[in-house]
>>> print(open('entry-v5.cif').read())   # mmCIF, C-alpha atoms
data_work
loop_
_atom_site.label_atom_id
_atom_site.label_comp_id
_atom_site.auth_asym_id
_atom_site.auth_seq_id
_atom_site.Cartn_x
_atom_site.Cartn_y
_atom_site.Cartn_z
CA MET D 1 59.29 22.61 99.15
CA ILE D 2 61.10 25.31 101.10
CA LYS D 3 64.83 24.88 101.58
CA LEU D 4 66.21 26.37 104.78
CA HIS D 5 69.88 27.28 104.42
CA GLY D 6 72.07 27.64 107.48
CA VAL D 7 73.42 25.81 110.53
CA ALA D 8 72.06 24.84 113.94
CA LEU D 9 74.76 27.03 115.51
CA SER D 10 72.85 30.07 114.28
CA ASN D 11 70.18 31.38 116.63
CA TYR D 12 68.35 32.97 113.72
CA TYR D 13 68.45 29.75 111.69
CA ASN D 14 66.83 28.00 114.63
CA SER D 15 64.23 30.76 114.87
CA VAL D 16 63.05 30.24 111.31
CA LYS D 17 63.13 26.47 111.80
CA VAL D 18 60.75 26.73 114.76
CA ALA D 19 58.41 28.95 112.73
CA LEU D 20 58.34 26.34 109.94
CA LEU D 21 57.64 23.55 112.45
CA GLU D 22 54.91 25.54 114.21
CA LYS D 23 53.20 26.18 110.89
CA ASP D 24 53.74 22.60 109.77
CA ILE D 25 55.31 23.82 106.53
CA PRO D 26 57.40 21.07 104.89
CA PHE D 27 61.05 22.07 104.53
CA GLU D 28 64.46 20.66 103.82
CA GLU D 29 67.60 21.79 105.63
CA VAL D 30 70.69 22.72 103.65
CA ALA D 31 73.90 23.02 105.69
CA GLN D 32 75.51 26.39 105.06
CA PHE D 33 77.83 28.54 107.14
CA PRO D 34 77.76 32.31 106.74
CA SER D 35 80.00 33.18 103.82
CA GLN D 36 81.25 36.08 101.73
CA GLU D 37 81.56 33.89 98.62
CA PRO D 38 79.90 35.48 95.59
CA GLU D 39 77.44 32.60 95.10
CA VAL D 40 76.22 33.06 98.68
CA LEU D 41 76.06 36.86 98.43
CA SER D 42 73.95 36.49 95.29
CA VAL D 43 71.18 34.85 97.35
CA SER D 44 71.78 36.25 100.85
CA PRO D 45 73.03 39.82 100.33
CA MET D 46 75.03 40.03 103.59
CA GLY D 47 76.26 36.44 103.40
CA LYS D 48 74.29 35.64 106.54
CA VAL D 49 72.24 32.61 107.45
CA PRO D 50 69.46 31.72 107.45
CA TRP D 51 67.93 32.26 104.08
CA ILE D 52 65.07 30.36 102.55
CA GLU D 53 64.77 29.17 98.98
CA MET D 54 61.47 28.47 97.26
CA ASP D 55 61.02 27.81 93.54
CA GLY D 56 64.57 29.06 93.03
CA LYS D 57 63.84 32.40 94.73
CA CYS D 58 65.67 33.32 97.93
CA LEU D 59 64.87 35.48 100.93
CA SER D 60 67.04 36.50 103.89
CA GLU D 61 66.58 38.42 107.17
CA THR D 62 64.71 36.45 109.81
CA ASN D 63 61.92 38.90 110.58
CA VAL D 64 61.27 39.31 106.85
CA ILE D 65 61.07 35.52 106.51
CA PHE D 66 58.64 35.41 109.46
CA ASP D 67 56.29 37.87 107.76
CA PHE D 68 56.57 36.00 104.46
CA LEU D 69 55.74 32.64 106.08
CA GLU D 70 52.78 34.28 107.78
CA GLU D 71 51.48 35.48 104.42
CA ILE D 72 51.94 32.25 102.47
CA HIS D 73 50.75 30.04 105.31
CA PRO D 74 48.48 32.08 107.61
CA GLU D 75 47.34 29.25 109.89
CA PRO D 76 48.21 28.73 112.63
CA SER D 77 49.01 32.41 112.96
CA LEU D 78 52.15 33.32 114.88
CA TYR D 79 51.00 36.88 115.41
CA PRO D 80 48.28 38.16 117.75
CA ALA D 81 44.96 38.62 115.96
CA ASP D 82 44.48 42.22 117.04
CA VAL D 83 46.22 44.75 114.78
CA PHE D 84 47.73 46.81 117.59
CA GLU D 85 48.76 43.74 119.59
CA ARG D 86 50.40 42.37 116.44
CA ALA D 87 52.42 45.57 116.17
CA LYS D 88 53.40 45.32 119.84
CA ALA D 89 54.59 41.74 119.26
CA LYS D 90 56.79 43.05 116.45
CA GLU D 91 58.08 45.83 118.70
CA ILE D 92 59.10 43.22 121.28
CA ALA D 93 60.77 41.18 118.54
CA ARG D 94 62.78 44.21 117.37
CA ILE D 95 63.90 44.95 120.92
CA VAL D 96 65.17 41.39 121.27
CA GLU D 97 66.84 41.43 117.86
CA ASN D 98 68.37 44.90 117.88
CA TYR D 99 69.05 45.63 121.54
CA VAL D 100 69.68 42.22 123.13
CA ASP D 101 71.11 39.98 120.41
CA LEU D 102 73.07 42.69 118.63
CA PRO D 103 75.19 44.03 121.52
CA ALA D 104 75.92 40.47 122.73
CA ARG D 105 76.99 39.57 119.17
CA ARG D 106 80.01 41.82 119.57
CA HIS D 107 81.59 39.00 121.57
CA ILE D 108 80.93 36.29 119.00
CA GLY D 109 84.59 36.17 117.97
CA THR D 110 85.50 35.25 121.53
CA VAL D 111 82.60 32.98 122.40
CA TYR D 112 82.16 31.12 119.12
CA PHE D 113 85.68 31.23 117.75
CA GLY D 114 87.98 31.45 120.76
CA GLY D 115 89.45 34.85 119.93
CA PRO D 116 90.69 37.29 122.57
CA VAL D 117 88.17 39.47 124.40
CA ASP D 118 87.80 42.80 122.59
CA ASP D 119 88.44 45.59 125.11
CA VAL D 120 86.10 48.10 123.52
CA ALA D 121 83.33 45.52 123.11
CA PHE D 122 83.89 44.47 126.71
CA LYS D 123 83.21 48.01 127.90
CA GLU D 124 80.37 48.84 125.51
CA ALA D 125 78.35 45.63 125.16
CA ARG D 126 77.30 45.25 128.78
CA PRO D 127 75.66 48.66 129.25
CA ALA D 128 74.03 48.27 125.83
CA LEU D 129 72.69 44.87 126.88
CA GLU D 130 71.50 46.31 130.18
CA GLN D 131 69.58 48.99 128.30
CA GLY D 132 68.05 46.42 125.94
CA LEU D 133 66.99 44.21 128.82
CA LYS D 134 65.48 47.18 130.62
CA ALA D 135 63.50 48.01 127.48
CA LEU D 136 62.40 44.40 127.21
CA SER D 137 61.33 44.33 130.84
CA GLY D 138 58.98 47.22 130.14
CA VAL D 139 57.14 45.44 127.32
CA ALA D 140 57.38 41.72 128.11
CA LYS D 141 54.04 40.42 129.39
CA PHE D 142 54.76 36.78 130.31
CA ALA D 143 50.98 36.22 130.20
CA PRO D 144 52.13 33.51 129.71
CA TYR D 145 53.76 34.46 126.38
CA ILE D 146 55.94 37.48 125.87
CA ALA D 147 53.33 39.44 123.87
CA GLY D 148 50.24 38.10 125.64
CA ASP D 149 48.16 34.96 125.63
CA THR D 150 49.31 33.46 122.33
CA PHE D 151 52.62 32.03 121.15
CA THR D 152 54.10 34.39 118.54
CA TYR D 153 57.24 35.12 116.56
CA ALA D 154 58.22 37.35 119.48
CA ASP D 155 58.50 34.21 121.64
CA ILE D 156 60.64 32.48 119.04
CA ASP D 157 62.88 35.55 118.91
CA ALA D 158 62.99 35.77 122.69
CA TYR D 159 63.92 32.12 123.16
CA PHE D 160 66.76 31.96 120.68
CA GLN D 161 68.09 35.49 120.76
CA ILE D 162 68.08 35.81 124.56
CA GLY D 163 69.66 32.35 124.74
CA PHE D 164 72.34 33.50 122.31
CA ALA D 165 72.97 36.69 124.27
CA ASN D 166 73.14 34.75 127.52
CA LEU D 167 75.77 32.40 126.14
CA HIS D 168 77.87 35.52 125.57
CA SER D 169 77.06 37.35 128.79
CA THR D 170 77.83 34.30 130.96
CA LYS D 171 81.12 33.62 129.17
CA ILE D 172 82.34 37.22 129.04
CA TYR D 173 80.84 38.79 132.17
CA ASP D 174 79.84 35.75 134.25
CA TRP D 175 76.41 37.35 134.05
CA ASP D 176 73.22 35.31 133.63
CA ILE D 177 70.91 37.79 131.90
CA THR D 178 67.90 35.50 132.33
CA GLU D 179 67.96 36.55 136.01
CA SER D 180 67.79 40.24 135.14
CA ILE D 181 64.04 40.37 134.43
CA PRO D 182 61.57 38.90 136.94
CA GLY D 183 59.78 35.97 135.32
CA LEU D 184 62.16 35.66 132.36
CA GLY D 185 63.85 32.46 133.51
CA ASP D 186 60.54 30.66 134.15
CA TYR D 187 59.18 31.91 130.85
CA LEU D 188 62.16 30.55 128.90
CA ALA D 189 61.85 27.22 130.74
CA MET D 190 58.19 27.07 129.72
CA LEU D 191 59.08 27.70 126.07
CA ARG D 192 61.69 24.94 126.25
CA GLU D 193 58.85 22.48 126.96
CA ARG D 194 57.15 23.33 123.70
CA PRO D 195 57.75 20.48 121.19
CA SER D 196 58.99 22.68 118.32
CA VAL D 197 61.34 24.62 120.58
CA ALA D 198 62.54 21.49 122.40
CA ALA D 199 63.36 19.74 119.13
CA VAL D 200 65.28 22.65 117.65
CA ASP D 201 66.95 23.56 120.93
CA GLY D 202 68.16 19.97 121.34
CA VAL D 203 69.91 20.03 117.97
CA MET D 204 71.33 23.47 118.72
CA GLN D 205 72.73 22.47 122.13
CA GLU D 206 74.47 19.47 120.60
CA ALA D 207 75.89 21.58 117.78
CA LEU D 208 77.11 24.20 120.27
CA ALA D 209 78.66 21.55 122.54
CA ASN D 210 80.64 20.19 119.59
CA PHE D 211 81.61 23.58 118.19
CA LEU D 212 82.28 26.08 120.97
CA PRO D 213 85.80 26.42 122.32
CA LYS D 214 86.03 24.96 125.84
CA MET G 1 44.33 61.45 115.38
CA ILE G 2 47.83 59.99 115.37
CA LYS G 3 50.50 61.91 117.26
CA LEU G 4 53.99 61.56 115.84
CA HIS G 5 56.62 62.10 118.51
CA GLY G 6 60.17 63.05 117.55
CA VAL G 7 62.24 65.68 115.77
CA ALA G 8 63.04 66.53 112.17
CA LEU G 9 66.72 65.83 112.92
CA SER G 10 65.85 62.14 113.12
CA ASN G 11 66.00 60.24 109.85
CA TYR G 12 63.55 57.67 111.19
CA TYR G 13 61.11 60.34 112.35
CA ASN G 14 61.15 61.73 108.84
CA SER G 15 60.59 58.25 107.43
CA VAL G 16 57.39 57.75 109.39
CA LYS G 17 56.28 61.28 108.52
CA VAL G 18 56.59 60.54 104.79
CA ALA G 19 54.60 57.31 105.23
CA LEU G 20 51.82 59.26 106.96
CA LEU G 21 51.80 61.88 104.20
CA GLU G 22 51.80 59.26 101.44
CA LYS G 23 48.81 57.54 103.04
CA ASP G 24 47.10 60.85 103.73
CA ILE G 25 46.64 59.90 107.38
CA PRO G 26 45.99 62.97 109.55
CA PHE G 27 48.65 63.42 112.21
CA GLU G 28 49.98 65.93 114.67
CA GLU G 29 53.69 66.39 115.38
CA VAL G 30 54.93 66.47 118.96
CA ALA G 31 58.49 67.73 119.41
CA GLN G 32 60.51 65.20 121.38
CA PHE G 33 64.22 64.45 121.52
CA PRO G 34 65.41 60.92 122.33
CA SER G 35 65.46 60.59 126.09
CA GLN G 36 66.15 58.14 128.89
CA GLU G 37 63.58 59.81 131.14
CA PRO G 38 61.18 57.28 132.71
CA GLU G 39 58.10 58.86 131.14
CA VAL G 40 59.65 58.49 127.69
CA LEU G 41 60.88 54.94 128.32
CA SER G 42 57.36 54.01 129.39
CA VAL G 43 56.10 54.70 125.87
CA SER G 44 59.22 54.19 123.72
CA PRO G 45 61.15 51.36 125.41
CA MET G 46 64.60 52.39 124.15
CA GLY G 47 63.92 56.10 124.55
CA LYS G 48 64.21 56.52 120.80
CA VAL G 49 62.20 58.60 118.38
CA PRO G 50 59.95 58.33 116.54
CA TRP G 51 57.04 56.77 118.28
CA ILE G 52 53.38 57.16 117.41
CA GLU G 53 50.52 57.62 119.82
CA MET G 54 46.94 56.71 119.02
CA ASP G 55 44.07 56.60 121.50
CA GLY G 56 46.67 56.76 124.28
CA LYS G 57 48.52 53.70 123.00
CA CYS G 58 52.11 54.03 121.79
CA LEU G 59 54.27 52.20 119.28
CA SER G 60 57.97 52.54 118.48
CA GLU G 61 60.43 51.08 115.93
CA THR G 62 60.00 52.53 112.46
CA ASN G 63 59.54 49.30 110.48
CA VAL G 64 56.95 48.16 113.03
CA ILE G 65 55.12 51.47 112.62
CA PHE G 66 55.25 51.05 108.81
CA ASP G 67 53.55 47.64 109.04
CA PHE G 68 50.98 49.00 111.49
CA LEU G 69 50.11 51.96 109.25
CA GLU G 70 49.77 49.55 106.34
CA GLU G 71 47.27 47.48 108.30
CA ILE G 72 45.12 50.32 109.63
CA HIS G 73 45.21 52.27 106.38
CA PRO G 74 45.88 49.86 103.49
CA GLU G 75 45.40 52.33 100.63
CA PRO G 76 47.49 53.53 98.98
CA SER G 77 49.67 50.54 99.74
CA LEU G 78 53.35 51.22 100.32
CA TYR G 79 54.30 47.59 99.71
CA PRO G 80 54.38 45.71 96.40
CA ALA G 81 51.16 43.74 95.80
CA ASP G 82 52.93 40.42 95.18
CA VAL G 83 53.72 38.49 98.36
CA PHE G 84 57.27 37.60 97.43
CA GLU G 85 58.01 41.08 96.08
CA ARG G 86 56.65 42.50 99.32
CA ALA G 87 59.12 40.35 101.24
CA LYS G 88 61.96 41.49 98.98
CA ALA G 89 61.01 45.12 99.64
CA LYS G 90 61.28 44.39 103.38
CA GLU G 91 64.65 42.69 102.83
CA ILE G 92 65.92 45.84 101.10
CA ALA G 93 64.57 47.94 103.96
CA ARG G 94 66.39 45.79 106.54
CA ILE G 95 69.65 46.08 104.60
CA VAL G 96 69.34 49.86 104.60
CA GLU G 97 68.38 49.98 108.28
CA ASN G 98 70.80 47.41 109.70
CA TYR G 99 73.80 47.56 107.40
CA VAL G 100 73.89 51.12 106.07
CA ASP G 101 72.30 53.32 108.76
CA LEU G 102 73.60 51.36 111.74
CA PRO G 103 77.35 51.39 110.99
CA ALA G 104 77.22 55.08 110.01
CA ARG G 105 75.38 55.79 113.27
CA ARG G 106 78.58 54.99 115.17
CA HIS G 107 79.80 58.47 114.20
CA ILE G 108 76.70 60.31 115.38
CA GLY G 109 78.52 61.67 118.45
CA THR G 110 80.97 63.39 116.13
CA VAL G 111 78.66 64.45 113.31
CA TYR G 112 75.60 65.51 115.32
CA PHE G 113 77.18 66.57 118.58
CA GLY G 114 80.71 67.70 117.70
CA GLY G 115 82.50 65.03 119.74
CA PRO G 116 85.94 63.70 118.81
CA VAL G 117 86.22 60.99 116.16
CA ASP G 118 86.13 57.57 117.81
CA ASP G 119 89.21 55.64 116.64
CA VAL G 120 87.61 52.21 116.80
CA ALA G 121 84.46 53.41 115.03
CA PHE G 122 86.67 55.11 112.45
CA LYS G 123 88.34 51.79 111.59
CA GLU G 124 85.24 49.59 111.80
CA ALA G 125 82.39 51.66 110.37
CA ARG G 126 83.77 52.14 106.88
CA PRO G 127 84.27 48.45 105.98
CA ALA G 128 80.88 47.69 107.56
CA LEU G 129 79.29 50.42 105.43
CA GLU G 130 81.09 49.10 102.35
CA GLN G 131 79.65 45.66 102.99
CA GLY G 132 76.16 47.06 103.51
CA LEU G 133 76.36 49.08 100.31
CA LYS G 134 77.60 46.03 98.40
CA ALA G 135 74.62 44.07 99.73
CA LEU G 136 72.29 46.89 98.72
CA SER G 137 73.79 47.06 95.24
CA GLY G 138 72.86 43.40 94.76
CA VAL G 139 69.18 43.90 95.53
CA ALA G 140 68.38 47.50 94.54
CA LYS G 141 66.38 47.56 91.31
CA PHE G 142 66.04 51.27 90.52
CA ALA G 143 63.15 50.29 88.20
CA PRO G 144 62.57 53.15 88.88
CA TYR G 145 62.02 52.46 92.60
CA ILE G 146 64.36 50.46 94.77
CA ALA G 147 62.12 47.38 94.99
CA GLY G 148 60.58 47.65 91.51
CA ASP G 149 57.92 49.70 89.79
CA THR G 150 56.09 51.04 92.83
CA PHE G 151 57.05 53.46 95.59
CA THR G 152 57.36 51.52 98.86
CA TYR G 153 58.58 51.79 102.44
CA ALA G 154 61.91 50.58 101.11
CA ASP G 155 62.21 53.83 99.16
CA ILE G 156 61.40 55.87 102.25
CA ASP G 157 64.05 53.93 104.16
CA ALA G 158 66.54 54.32 101.35
CA TYR G 159 66.06 58.05 101.04
CA PHE G 160 66.39 58.98 104.69
CA GLN G 161 68.74 56.28 105.96
CA ILE G 162 71.20 56.54 103.06
CA GLY G 163 71.03 60.31 103.42
CA PHE G 164 71.81 59.96 107.13
CA ALA G 165 74.69 57.58 106.44
CA ASN G 166 76.05 59.88 103.76
CA LEU G 167 76.08 62.85 106.13
CA HIS G 168 78.38 60.75 108.31
CA SER G 169 80.55 59.22 105.59
CA THR G 170 81.20 62.60 103.96
CA LYS G 171 82.08 64.26 107.26
CA ILE G 172 84.23 61.43 108.65
CA TYR G 173 85.75 59.86 105.52
CA ASP G 174 85.19 62.55 102.87
CA TRP G 175 83.33 59.73 101.12
CA ASP G 176 80.10 60.28 99.19
CA ILE G 177 78.43 56.88 99.43
CA THR G 178 75.76 57.86 96.91
CA GLU G 179 78.47 57.45 94.26
CA SER G 180 79.26 53.90 95.34
CA ILE G 181 76.30 52.22 93.59
CA PRO G 182 75.60 52.98 89.92
CA GLY G 183 72.22 54.69 89.66
CA LEU G 184 71.91 55.48 93.36
CA GLY G 185 72.52 59.22 93.05
CA ASP G 186 69.98 59.66 90.27
CA TYR G 187 67.48 57.51 92.14
CA LEU G 188 67.77 59.63 95.30
CA ALA G 189 67.41 62.81 93.22
CA MET G 190 64.22 61.35 91.71
CA LEU G 191 62.82 60.63 95.18
CA ARG G 192 63.62 64.19 96.24
CA GLU G 193 61.18 65.41 93.56
CA ARG G 194 58.32 63.51 95.18
CA PRO G 195 56.08 65.97 97.08
CA SER G 196 56.01 64.04 100.38
CA VAL G 197 59.76 63.53 100.36
CA ALA G 198 60.49 67.09 99.25
CA ALA G 199 58.34 68.53 102.04
CA VAL G 200 59.88 66.42 104.79
CA ASP G 201 63.40 66.73 103.42
CA GLY G 202 63.07 70.51 103.33
CA VAL G 203 62.20 70.66 107.03
CA MET G 204 64.99 68.19 107.82
CA GLN G 205 67.65 70.13 105.90
CA GLU G 206 66.72 73.32 107.73
CA ALA G 207 66.78 71.54 111.09
CA LEU G 208 70.16 70.01 110.31
CA ALA G 209 71.59 73.34 109.14
CA ASN G 210 70.58 74.92 112.45
CA PHE G 211 71.71 72.02 114.62
CA LEU G 212 74.85 70.41 113.24
CA PRO G 213 78.23 71.66 114.43
CA LYS G 214 79.98 73.55 111.65
#
>>> encode(input="entry-v5.cif", output="structure tokens")
Amino acid sequence: MIKLHGVALSNYYNSVKVALLEKDIPFEEVAQFPSQEPEVLSVSPMGKVPWIEMDGKCLSETNVIFDFLEEIHPEPSLYPADVFERAKAKEIARIVENYVDLPARRHIGTVYFGGPVDDVAFKEARPALEQGLKALSGVAKFAPYIAGDTFTYADIDAYFQIGFANLHSTKIYDWDITESIPGLGDYLAMLRERPSVAAVDGVMQEALANFLPK
Amino acid sequence: MIKLHGVALSNYYNSVKVALLEKDIPFEEVAQFPSQEPEVLSVSPMGKVPWIEMDGKCLSETNVIFDFLEEIHPEPSLYPADVFERAKAKEIARIVENYVDLPARRHIGTVYFGGPVDDVAFKEARPALEQGLKALSGVAKFAPYIAGDTFTYADIDAYFQIGFANLHSTKIYDWDITESIPGLGDYLAMLRERPSVAAVDGVMQEALANFLPK
């Protein structure tokens, strides 16, 4: 039995949870906030969530966990069957992770924890986000999924990481990034209808409503 | 024939080049600086190097390219054979990419282009790098390779990305990060003896010597 460590407030925790549900892999959730405690660092080297535990062995980093789940439980596949299309799905996932989520994350102290707006982050995060969204617009297919005609890890990444970034952009810049790419809003609404995404998103929205500063 | 686009000044370009050499995949180098020109963005969505081109199709993001090369040319494998060990090698690679290279990269304007030291980056990058190196120290095996007894993509990442970070830490903080993890310096020296690494490193060192501000 896989144990999934983390909290529903974490967009990456929710990403792995959807992958587990999509693959119908049994798992147990273990509540865990990010932490710099030595016992956490010994299993998740950066102290981040999520990590998964299986037979006492642990693994962190969401896209690494995705690939691992794909190998231990290939069906249903969450990658395109074609080798090049699979690589393009990963490229889309990296763009979402590194150039959409990551710049928005600079405001997490404000949005999640009620801290003051960081002036430097305020100036730098928006153009970085704009560049990431422009990159995404060049590769997103919405056909109907982001990497083509099948639901993939890139869709999971897109749903949760763009949602996370949008929480930040709306709060800090009054800017709804889902309007910045034609078709993106409708695409995210379609994903929200998917049972796995709807279930995990529901828990996340409730957790956020209880946690986020008003 | 694969075309590898980029420049020897790029640590990630050099990483892909070593992977191609290790797999004995024929390739042609095409000189290309990072660029925000539309024709570059149309093939490398963030305008970054490297990207590879094959039959007119392009792919960016180094760890995505690694996985793609592994699929189209499985032997010799640059991942551990065991599924879990393969995932751990990817986890090490992500730590090097996201938590060692990325914080150091904040000083690239100073180190590569002679700009002034950014005060905020000066304060933030060092503790971030310290955390990344601490995470790496928890997972690096040096047995003799970073993920165990075989040479993997994680070693390629470690060699070039730690080298890149160290160029920045020594210039900005007078801090040799290769001394911060026991065994790391000897490990990197061992990698430098490997023919593929030695060849690519030699070209990189010459390019850096010609390019970097004194």
>>> atom_distance(input="entry-v5.cif", atom1="CA of Ala140 in chain G", atom2="CA of Cys58 in chain D")
14.8 Å
>>> closest_atom_pairs(input="entry-v5.cif", of="chain D", to="chain G", cutoff="8 Å", atoms="only C-alpha atoms", output="JSON lines")
{"residue": "D:Leu41", "atom": "CA", "partner": "G:Ala135", "partner_atom": "CA", "distance": 7.5}
{"residue": "D:Ser42", "atom": "CA", "partner": "G:Gly138", "partner_atom": "CA", "distance": 7.0}
{"residue": "D:Pro45", "atom": "CA", "partner": "G:Ala135", "partner_atom": "CA", "distance": 4.6}
{"residue": "D:Met46", "atom": "CA", "partner": "G:Ala135", "partner_atom": "CA", "distance": 5.6}
{"residue": "D:Leu59", "atom": "CA", "partner": "G:Lys88", "partner_atom": "CA", "distance": 7.0}
{"residue": "D:Ser60", "atom": "CA", "partner": "G:Glu91", "partner_atom": "CA", "distance": 6.7}
{"residue": "D:Glu61", "atom": "CA", "partner": "G:Glu91", "partner_atom": "CA", "distance": 6.4}
{"residue": "D:Val64", "atom": "CA", "partner": "G:Ala87", "partner_atom": "CA", "distance": 6.1}
{"residue": "D:Ile65", "atom": "CA", "partner": "G:Ala87", "partner_atom": "CA", "distance": 7.4}
{"residue": "D:Asp67", "atom": "CA", "partner": "G:Ala87", "partner_atom": "CA", "distance": 7.5}
{"residue": "D:Phe68", "atom": "CA", "partner": "G:Ala87", "partner_atom": "CA", "distance": 6.0}
{"residue": "D:Glu71", "atom": "CA", "partner": "G:Val83", "partner_atom": "CA", "distance": 7.1}
{"residue": "D:Ile72", "atom": "CA", "partner": "G:Val83", "partner_atom": "CA", "distance": 7.7}
{"residue": "D:Val83", "atom": "CA", "partner": "G:Glu71", "partner_atom": "CA", "distance": 7.1}
{"residue": "D:Phe84", "atom": "CA", "partner": "G:Phe68", "partner_atom": "CA", "distance": 7.3}
{"residue": "D:Ala87", "atom": "CA", "partner": "G:Phe68", "partner_atom": "CA", "distance": 6.0}
{"residue": "D:Lys88", "atom": "CA", "partner": "G:Leu59", "partner_atom": "CA", "distance": 7.0}
{"residue": "D:Lys90", "atom": "CA", "partner": "G:Val64", "partner_atom": "CA", "distance": 6.2}
{"residue": "D:Glu91", "atom": "CA", "partner": "G:Val64", "partner_atom": "CA", "distance": 6.2}
{"residue": "D:Arg94", "atom": "CA", "partner": "G:Glu61", "partner_atom": "CA", "distance": 7.4}
{"residue": "D:Gln131", "atom": "CA", "partner": "G:Met46", "partner_atom": "CA", "distance": 7.3}
{"residue": "D:Gly132", "atom": "CA", "partner": "G:Met46", "partner_atom": "CA", "distance": 7.1}
{"residue": "D:Lys134", "atom": "CA", "partner": "G:Pro45", "partner_atom": "CA", "distance": 8.0}
{"residue": "D:Ala135", "atom": "CA", "partner": "G:Pro45", "partner_atom": "CA", "distance": 4.6}
{"residue": "D:Leu136", "atom": "CA", "partner": "G:Pro45", "partner_atom": "CA", "distance": 7.3}
{"residue": "D:Gly138", "atom": "CA", "partner": "G:Pro45", "partner_atom": "CA", "distance": 6.6}
{"residue": "D:Val139", "atom": "CA", "partner": "G:Pro45", "partner_atom": "CA", "distance": 7.4}
>>> resolve_selection(input="entry-v5.cif", expression="the PyMOL selection byres ((chain D and resi 122) around 12)", output="list in words")
Pro103, Ala104, Arg105, Arg106, His107, Ile108, Thr110, Pro116, Val117, Asp118, Asp119, Val120, Ala121, Lys123, Glu124, Ala125, Arg126, Pro127, Ala128, Leu129, His168, Ser169, Lys171, Ile172 and Tyr173 of chain D
>>> atom_distance(input="entry-v5.cif", atom1="CA of Asp157 in chain D", atom2="CA of Asn210 in chain D")
23.5 Å
>>> atom_distance(input="entry-v5.cif", atom1="CA of Thr152 in chain D", atom2="CA of Ala209 in chain D")
28.0 Å
>>> resolve_selection(input="entry-v5.cif", expression="the PyMOL selection byres ((chain D and resi 184) around 12)", output="ChimeraX atom specification")
/D:133,136-137,140-146,155,158-159,162-163,176-183,185-191
>>> write_last_selection(input="entry-v5.cif", atoms="C-alpha atoms", output="compact mmCIF listing (two decimals), in the coordinates of the input")
# COMPACT_ATOMS: atom_id res chain seq x y z
CA LEU D 133 66.99 44.21 128.82
CA LEU D 136 62.40 44.40 127.21
CA SER D 137 61.33 44.33 130.84
CA ALA D 140 57.38 41.72 128.11
CA LYS D 141 54.04 40.42 129.39
CA PHE D 142 54.76 36.78 130.31
CA ALA D 143 50.98 36.22 130.20
CA PRO D 144 52.13 33.51 129.71
CA TYR D 145 53.76 34.46 126.38
CA ILE D 146 55.94 37.48 125.87
CA ASP D 155 58.50 34.21 121.64
CA ALA D 158 62.99 35.77 122.69
CA TYR D 159 63.92 32.12 123.16
CA ILE D 162 68.08 35.81 124.56
CA GLY D 163 69.66 32.35 124.74
CA ASP D 176 73.22 35.31 133.63
CA ILE D 177 70.91 37.79 131.90
CA THR D 178 67.90 35.50 132.33
CA GLU D 179 67.96 36.55 136.01
CA SER D 180 67.79 40.24 135.14
CA ILE D 181 64.04 40.37 134.43
CA PRO D 182 61.57 38.90 136.94
CA GLY D 183 59.78 35.97 135.32
CA GLY D 185 63.85 32.46 133.51
CA ASP D 186 60.54 30.66 134.15
CA TYR D 187 59.18 31.91 130.85
CA LEU D 188 62.16 30.55 128.90
CA ALA D 189 61.85 27.22 130.74
CA MET D 190 58.19 27.07 129.72
CA LEU D 191 59.08 27.70 126.07
>>> residues_around(input="entry-v5.cif", residues="Ser10 in chain G", least_positions_apart="6", cutoff="10 Å", atoms="all atoms listed in the file", output="list in words")
Phe33, Pro34, Lys48, Val49, Pro50, Phe160, Gln161, Phe164, Met204, Ala207 and Leu208 of chain G
>>> resolve_selection(input="entry-v5.cif", expression="the PyMOL selection byres ((chain G and resi 2-5) around 9)", output="ChimeraX atom specification")
/G:1,6-7,13,16-17,25-33,49-55
>>> residues_around(input="entry-v5.cif", residues="Glu75 in chain G", least_positions_apart="4", cutoff="12 Å", atoms="only C-alpha atoms", output="CSV table (one decimal) with C-alpha atoms, keeping the file's coordinate frame")
chain,number,residue,atom,x,y,z
G,19,ALA,CA,54.6,57.3,105.2
G,20,LEU,CA,51.8,59.3,107.0
G,22,GLU,CA,51.8,59.3,101.4
G,23,LYS,CA,48.8,57.5,103.0
G,24,ASP,CA,47.1,60.8,103.7
G,25,ILE,CA,46.6,59.9,107.4
G,69,LEU,CA,50.1,52.0,109.2
G,70,GLU,CA,49.8,49.6,106.3
G,71,GLU,CA,47.3,47.5,108.3
G,79,TYR,CA,54.3,47.6,99.7
G,80,PRO,CA,54.4,45.7,96.4
G,81,ALA,CA,51.2,43.7,95.8
>>> axis_aligned_box(input="entry-v5.cif", around="range 195-202 of chain G", padding_each_side="3 Å", output="JSON")
{"center_x": 59.7, "center_y": 67.0, "center_z": 100.9, "size_x": 13.4, "size_y": 13.0, "size_z": 13.7}
